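First comes the structure, then the notes that go with it.
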Amino acid sequence: MKIKFRKIFENYHIIALLGFFCLMFIFHQNLYLRRPDDDFYNVIAKCGFDKILEFLKWHYNFKNGRIWLNFFEILTLKFDVYLWRIINPVMFTVLTYFTGRLVTPFFQDKRKAIIAAVMFYLIVDYSYVSSGVFWLSSSFNYLIPMLTFVLAVFFYTKNFYLATLPFVILAGFATEQSSMITIGFFVLNVMDKVFLKKEKQVIKEVIFTVVAIAGLCTIVFAPATSLRMDMHAVEPSIISYISRFNDILYMNWLGSGKSISIIVLLTASVSIPILKADYKSKSIKYFSLALTTLLIAFCLANLVNIIYFGSRIALLYYAFLALFILSVLYSSIVLVIERKTLPVIMLILGIGSQVMLSITDKWIFRTCFPCIVCFSVYILIIFGDYVQTIRDKRKILIVTLSLALIFTLRNVCGDIRYIKENNTGIESFCEKEATSEDYNYVLTDAADGTFWYEGDHEKFFEGKIKYSNN
């Protein structure tokens with residue numbers, strides 16, 4: 001009996017993953033379809049296959065170019081919200097698992113790496129996850145594309161190139177963010193191989209890049225994309241883009257109390273390579289120590305100001321931003337010199353996923369999820385590599401578990417509040433028998449939102465799509 005229990009606890013990472021899945025599964029059972037997006041697509045799901053194909057053509061011309069994601073969403077909605085309540089927790093758990101597997105070489109233990117990945121996604125503020133994962137339509141645009149990207153990166157790092165290609169296709173043909181991130185990953189890997197590793201064989205990376213670019217073209221050059229840009233594009237000027245990116249940094253990251261856990265982890269992750277490096281010059285060593293001390297001090301001061309006063313003090317904000325940018329550049333140079341390029345690549349991709357939003361006025365919290373996924377790999381690699389240098393790991397474990405528990409409890413409270421807000425006054429179609437009046441209401445309701453293009457969907461639906469069980 002003792003031997004059996006010992007074997008069970010030796011696989012504690014599986015227990016943690018199952019616990020994570022159960023938590024997500026239970027949470028999802030309290031989520032419903034949200035208007036107008038989910039219920040709108042639910043209307044289409046009730047139609048016959050020929051009408052679905054007709055709708056997808058219209059959608060590509062007037063809504064967006066994310067063709068396979070929209071098709072997958074409609075197929076899922078054939079079962080209303082019930083199938084999504086099962087597959088979404090599975091996909092989130094799979095994302096967590098492969099994030100852990102991706103950083104395993106830096107932990108030198110698969111179990112610890114997976115536990116670290118589970119802890120990371122538990123402490124990420126619910127605001128970043130709720131709209132990117134816990135909302136049906138949004139999960140198809142953020143969770144699924146980033147899952148395919150992580151799988152592509154995992155199989156690529158394991159040299160399973162045939163397994164990499166399908167996921168490159170899925171990520172490249174998914175959304176604008178996932179396409180750009182996928183392209184960026186392989187372009188940076190080509191640069192890494194050619195300029196740092198002095199390798200000449202980069203044909204596989206070039207093929208993957210071309211495939212991802214082809215996917216991006218199907219999205220960017222979709223007729224619907226020009227309509228979206230007409231609605232959401234900002235003034236095309238460098239000053240306008242810089243101003244918009246500054247707004248994104250403040251509203252979604254540095255000026256938001258919801259980003260505390262991520263900002264603290266990023267600050268620590270940027271500081272560790274600088275402090276851990278072996279400097280021959282004392283002046284450089286003292287400079288590094290001074291830089292990280294100021295970075296941590298201004299980070300804490302900025303967070304305290306945001307939490308307790310909720311206002312932006314320009315000196316604190318811009319001083320921390322300047323120190324953070326300088327530290328990111330410094331630590332990246334250190335990591336490149338140490339031939340640890342994967343974390344640098346993921347950090348660049350995470351930042352880049354936010355920079356690309358500067359051309360649009362849509363940069364709400366769910367657009368941060370791709371960045372969170374990239375940052376997760378960066379943060380876990382840095383911490384995993386650092387923990388290996390510590391002899392007494394028990395103190396680190398106690399502190400980490402304590403912080404994870406605090407943030408997890410905080411997020412559970414936020415998730416409960418999200419459920420209450422999400423379900424207030426909403427009766428989903430899956431909870432009652434739908435009538436033609438219900439579908440007409442959804443179409444009318446959708447037309448009232450800025451999400452739809454001046455009633456264009458009504459022109460399509462008029463006399464064309466009706467509720468059908470065929």
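Convention: chains lettered A, B, ... in structure tokens order; per-chain residue numbering from 1; ligands numbered from 1 as shown.
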
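For Gly100 in chain A, the set of protein, DNA and RNA residues having any atom at most 9 Å away, when counting only C-alpha atoms and skipping those fewer than 4 positions along the same chain, is Leu95, Thr96, Thr104, Lys110, Arg111, Lys112, Ala113, Ile114, Ile115, Ala116, Ala117, Val118, Val377 and Leu380 of chain A.
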
Just the selected residues (C-alpha atoms), exported as a PDB file, in the first residue's frame, please.
ATOM      1  CA  LEU A  95      -2.094  24.421 -23.174  1.00  0.00           C
ATOM      2  CA  THR A  96      -0.875  24.353 -19.571  1.00  0.00           C
ATOM      3  CA  THR A 104      11.120  21.193 -19.034  1.00  0.00           C
ATOM      4  CA  LYS A 110       9.115  17.357 -16.271  1.00  0.00           C
ATOM      5  CA  ARG A 111       7.049  17.182 -13.096  1.00  0.00           C
ATOM      6  CA  LYS A 112       8.352  20.441 -11.662  1.00  0.00           C
ATOM      7  CA  ALA A 113       7.975  22.207 -14.992  1.00  0.00           C
ATOM      8  CA  ILE A 114       4.326  21.174 -15.334  1.00  0.00           C
ATOM      9  CA  ILE A 115       3.593  22.155 -11.728  1.00  0.00           C
ATOM     10  CA  ALA A 116       5.153  25.569 -12.443  1.00  0.00           C
ATOM     11  CA  ALA A 117       2.950  25.982 -15.545  1.00  0.00           C
ATOM     12  CA  VAL A 118      -0.172  25.095 -13.546  1.00  0.00           C
ATOM     13  CA  VAL A 377       7.269  30.534 -21.430  1.00  0.00           C
ATOM     14  CA  LEU A 380       9.022  29.836 -16.461  1.00  0.00           C
TER      15      LEU A 380
END

Which neighbours of Asn305 in chain A fall inside 12 Å, counting only C-alpha atoms, when residues of the same chain fewer than 3 positions from it are skipped, and could you give them as number ranges by chain? A: 254-257, 260, 298-302, 308-317

With only C-alpha atoms counted and 10 Å as the cut-off, give the residues of range 71-177 of chain A in contact with range 329-346 of chain A, each with its shortest interatomic distance in Å and the pair that gives it, as a Markdown table.
| residue | atom | partner | partner_atom | distance |
| --- | --- | --- | --- | --- |
| A:Val103 | CA | A:Pro343 | CA | 9.4 |
| A:Phe106 | CA | A:Lys340 | CA | 10.0 |
| A:Thr157 | CA | A:Leu342 | CA | 9.6 |

Atoms kept (C-alpha atoms) for selection, written as a short mmCIF file (atom, residue, chain, number, x, y, z; two decimals), in the first residue's frame:
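What follows is the written file out-v8.cif:
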data_model
loop_
_atom_site.label_atom_id
_atom_site.label_comp_id
_atom_site.auth_asym_id
_atom_site.auth_seq_id
_atom_site.Cartn_x
_atom_site.Cartn_y
_atom_site.Cartn_z
CA VAL A 103 10.18 24.62 -20.48
CA PHE A 106 15.32 24.39 -17.98
CA THR A 157 11.98 22.21 -30.36
#

Any chance you could list, as an MDAnalysis selection string, the residues in range 17-245 of chain A that come up helix (DSSP H, G or I) when DSSP is run on the backbone? chainID A and resid 17:28 37:45 49:62 67:79 82:102 104:107 110:123 126:130 136:141 143:157 161:172 176:196 203:220 223:232 238:245

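Within 8 Å of range 218-226 of chain A, once only C-alpha atoms are used and residues closer than 6 positions along the same chain are dropped, the contacting residues are A:His59, A:Tyr60, A:Asn61, A:Phe62, A:Lys63, A:Asn64, A:Gly65, A:Arg66, A:Phe173, A:Thr175, A:Glu176.
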
What is the CA of Leu18 in chain A to CA of Asp38 in chain A distance in Å? 28.3 Å

Residues near range 199-214 of chain A, cut-off 8 Å, only C-alpha atoms, skip fewer than 2 positions along chain, as an MDAnalysis selection string: chainID A and resid 161 165 168:169 171:173 179:180 182:183 186:187 189:190 193:195 197 216:218

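The nearest approach to Ile382 in chain A among the residues A:Val270, A:Met91, A:Leu275, A:Leu295, with only C-alpha atoms taken into account, belongs to A:Val270.
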